[in-house]
Amino acid sequence: MGCFRLEYKDCIREVFGIKIKSIVSKVIDFILNIIYPPKCIFCGKVLEPNCNLYICGACSNDIKFCSESICCEKCGKPIVSYGAKKLCYHCLNNSCSFTKAISVFTYEDLVKKALLKFKSTGLKGHSDLFVSCMSARFYEEYSDINFDLICGAPPHDKKKDFDQVDILCKKLSLIIDIPYKRKVFI
């Protein structure tokens with residue numbers, strides 16, 4: 001009986017400890033959001049304190065989402081006109097080492113600036129927004145396919161301490177519940 005009570009108390013402490021840590025973490029996040037309110041990653045506009053995505057309504061309307069246009073069936077770039085095959089000029093005239101790629105945004109203006117800023121700084125708000133959009137796009141295109149793993153392209157500059165692809169892949173892996181392997185291409 002004594003051992004059972006000790007294990008039971010330890011179990012209760014562990015469960016309540018986890019709940020307390022979770023509550024404390026939420027309180028700290030709430031206070032930090034009031035002191036340092038989240039800002040739109042594209043224009044810097046201050047957002048509501050507890051927003052999950054770091055994008056304002058105006059920027060959301062200005063961004064071109066690839067899911068809203070006709071895209072190349074090979075590389076995922078938006079295309080204006082297409083023939084029998086929905087391929088961009090590049091994919092129509094060149095061979096690719098992959099079967100299919102999809103994109104979330106067109107790489108221009110606001111998105112280009114935000115991605116470049118994320119590559120150089122690794123700001124959390126940027127990764128949260130990008131991963132949220134990536135997971136939504138993933139489910140649009142691949143909800144009926146079972147994947148074995150997620151792998152990211154290795155960085156060009158291996159001396160750099162920060163690997164934005166690694167951060168995005170880790171977070172995406174948790175959301176879509178597919179394992180992430182970092183060093184597949186070595």
# chains A, B, ... in the order shown; residues from 1 in each chain; ligands from 1
call {"tool": "residues_around", "arguments": {"residues": "segment 138-151 of chain A", "least_positions_apart": "4", "cutoff": "7 Å", "atoms": "only C-alpha atoms", "output": "PDB file with C-alpha atoms, in the first residue's frame"}}
result
ATOM      1  CA  MET A 134       1.627  25.177 -45.912  1.00  0.00           C
ATOM      2  CA  CYS A 169       9.641  21.151 -41.775  1.00  0.00           C
ATOM      3  CA  SER A 173       5.593  17.585 -39.420  1.00  0.00           C
ATOM      4  CA  ILE A 178       4.189  12.916 -40.851  1.00  0.00           C
ATOM      5  CA  PRO A 179       7.730  12.255 -39.556  1.00  0.00           C
ATOM      6  CA  TYR A 180      10.455  14.691 -40.569  1.00  0.00           C
ATOM      7  CA  LYS A 181      13.941  13.433 -41.488  1.00  0.00           C
ATOM      8  CA  ARG A 182      16.552  16.137 -41.748  1.00  0.00           C
ATOM      9  CA  VAL A 184      17.978  12.496 -46.279  1.00  0.00           C
TER      10      VAL A 184
END
call {"tool": "residues_around", "arguments": {"residues": "Cys88 of chain A", "least_positions_apart": "3", "cutoff": "10 Å", "atoms": "only C-alpha atoms", "output": "mmCIF file with C-alpha atoms, in the first residue's frame"}}
result
data_model
loop_
_atom_site.group_PDB
_atom_site.id
_atom_site.type_symbol
_atom_site.label_atom_id
_atom_site.label_comp_id
_atom_site.auth_asym_id
_atom_site.auth_seq_id
_atom_site.Cartn_x
_atom_site.Cartn_y
_atom_site.Cartn_z
ATOM 1 C CA CYS A 71 -1.027 26.472 -61.569
ATOM 2 C CA CYS A 72 1.535 24.390 -63.400
ATOM 3 C CA GLU A 73 0.894 20.725 -62.659
ATOM 4 C CA LYS A 74 4.639 20.112 -62.337
ATOM 5 C CA CYS A 75 6.222 23.016 -60.399
ATOM 6 C CA GLY A 76 3.156 24.681 -58.871
ATOM 7 C CA LYS A 77 3.749 28.170 -60.291
ATOM 8 C CA PRO A 78 0.660 30.115 -61.354
ATOM 9 C CA ILE A 79 0.208 30.188 -65.125
ATOM 10 C CA VAL A 80 -1.845 32.468 -67.328
ATOM 11 C CA SER A 81 -2.423 30.212 -70.303
ATOM 12 C CA TYR A 82 -1.844 26.547 -70.876
ATOM 13 C CA GLY A 83 -2.286 23.880 -73.488
ATOM 14 C CA LYS A 85 -1.175 19.877 -70.243
ATOM 15 C CA CYS A 91 8.371 22.732 -67.258
ATOM 16 C CA LEU A 92 7.077 22.230 -70.796
ATOM 17 C CA ASN A 93 10.574 22.719 -72.241
#
call {"tool": "select_by_dssp", "arguments": {"residues": "segment 31-176 of chain A", "states": "alpha helix (DSSP H)", "output": "count of residues only"}}
result
61
call {"tool": "atom_distance", "arguments": {"atom1": "atom CA of Lys39 of chain A", "atom2": "atom CA of His126 of chain A"}}
result
10.1 Å
call {"tool": "closest_atom_pairs", "arguments": {"of": "segment 83-127 of chain A", "to": "segment 47-56 of chain A", "cutoff": "12 Å", "atoms": "only C-alpha atoms", "output": "tab-separated table"}}
result
residue	atom	partner	partner_atom	distance
A:Leu110	CA	A:Ile55	CA	11.1
A:Val111	CA	A:Ile55	CA	11.2
A:Ala114	CA	A:Ile55	CA	11.0
A:Leu123	CA	A:Tyr54	CA	10.9
A:Lys124	CA	A:Tyr54	CA	9.6
A:Gly125	CA	A:Tyr54	CA	5.8
A:His126	CA	A:Tyr54	CA	7.2
A:Ser127	CA	A:Tyr54	CA	9.5
call {"tool": "write_last_selection", "arguments": {"atoms": "N, CA, C and O atoms", "output": "PDB file, in the first residue's frame"}}
result
ATOM      1  N   LEU A 110       4.934  41.409 -51.199  1.00  0.00           N
ATOM      2  CA  LEU A 110       4.870  41.210 -49.750  1.00  0.00           C
ATOM      3  C   LEU A 110       5.441  39.861 -49.327  1.00  0.00           C
ATOM      4  O   LEU A 110       6.188  39.770 -48.354  1.00  0.00           O
ATOM      5  N   VAL A 111       5.101  38.818 -50.048  1.00  0.00           N
ATOM      6  CA  VAL A 111       5.567  37.470 -49.697  1.00  0.00           C
ATOM      7  C   VAL A 111       7.081  37.372 -49.846  1.00  0.00           C
ATOM      8  O   VAL A 111       7.770  36.830 -48.986  1.00  0.00           O
ATOM      9  N   ALA A 114       8.722  39.157 -46.933  1.00  0.00           N
ATOM     10  CA  ALA A 114       8.550  38.409 -45.684  1.00  0.00           C
ATOM     11  C   ALA A 114       9.420  37.152 -45.650  1.00  0.00           C
ATOM     12  O   ALA A 114      10.015  36.827 -44.624  1.00  0.00           O
ATOM     13  N   LEU A 123      12.128  34.793 -37.446  1.00  0.00           N
ATOM     14  CA  LEU A 123      11.080  35.252 -36.544  1.00  0.00           C
ATOM     15  C   LEU A 123       9.949  34.227 -36.440  1.00  0.00           C
ATOM     16  O   LEU A 123       9.479  33.692 -37.437  1.00  0.00           O
ATOM     17  N   LYS A 124       9.517  33.972 -35.202  1.00  0.00           N
ATOM     18  CA  LYS A 124       8.506  32.947 -34.929  1.00  0.00           C
ATOM     19  C   LYS A 124       7.195  33.221 -35.658  1.00  0.00           C
ATOM     20  O   LYS A 124       6.576  32.312 -36.193  1.00  0.00           O
ATOM     21  N   GLY A 125       6.747  34.459 -35.672  1.00  0.00           N
ATOM     22  CA  GLY A 125       5.491  34.792 -36.330  1.00  0.00           C
ATOM     23  C   GLY A 125       5.500  34.419 -37.792  1.00  0.00           C
ATOM     24  O   GLY A 125       4.499  33.955 -38.345  1.00  0.00           O
ATOM     25  N   HIS A 126       6.641  34.593 -38.426  1.00  0.00           N
ATOM     26  CA  HIS A 126       6.766  34.226 -39.835  1.00  0.00           C
ATOM     27  C   HIS A 126       6.600  32.720 -40.007  1.00  0.00           C
ATOM     28  O   HIS A 126       5.837  32.269 -40.851  1.00  0.00           O
ATOM     29  N   SER A 127       7.318  31.956 -39.204  1.00  0.00           N
ATOM     30  CA  SER A 127       7.245  30.495 -39.371  1.00  0.00           C
ATOM     31  C   SER A 127       5.848  29.977 -39.051  1.00  0.00           C
ATOM     32  O   SER A 127       5.355  29.087 -39.727  1.00  0.00           O
TER      33      SER A 127
END
call {"tool": "closest_residue", "arguments": {"among": "A:Leu32, A:Ala101, A:Cys40, A:Leu172", "to": "Cys59 of chain A", "atoms": "only C-alpha atoms"}}
result
A:Cys40
call {"tool": "select_by_dssp", "arguments": {"residues": "segment 33-123 of chain A", "states": "strand (DSSP E or B)", "output": "number ranges by chain"}}
result
A: 39, 46, 65, 71, 78, 105
call {"tool": "residues_around", "arguments": {"residues": "Leu115 of chain A", "least_positions_apart": "4", "cutoff": "10 Å", "atoms": "only C-alpha atoms", "output": "count of residues only"}}
result
14
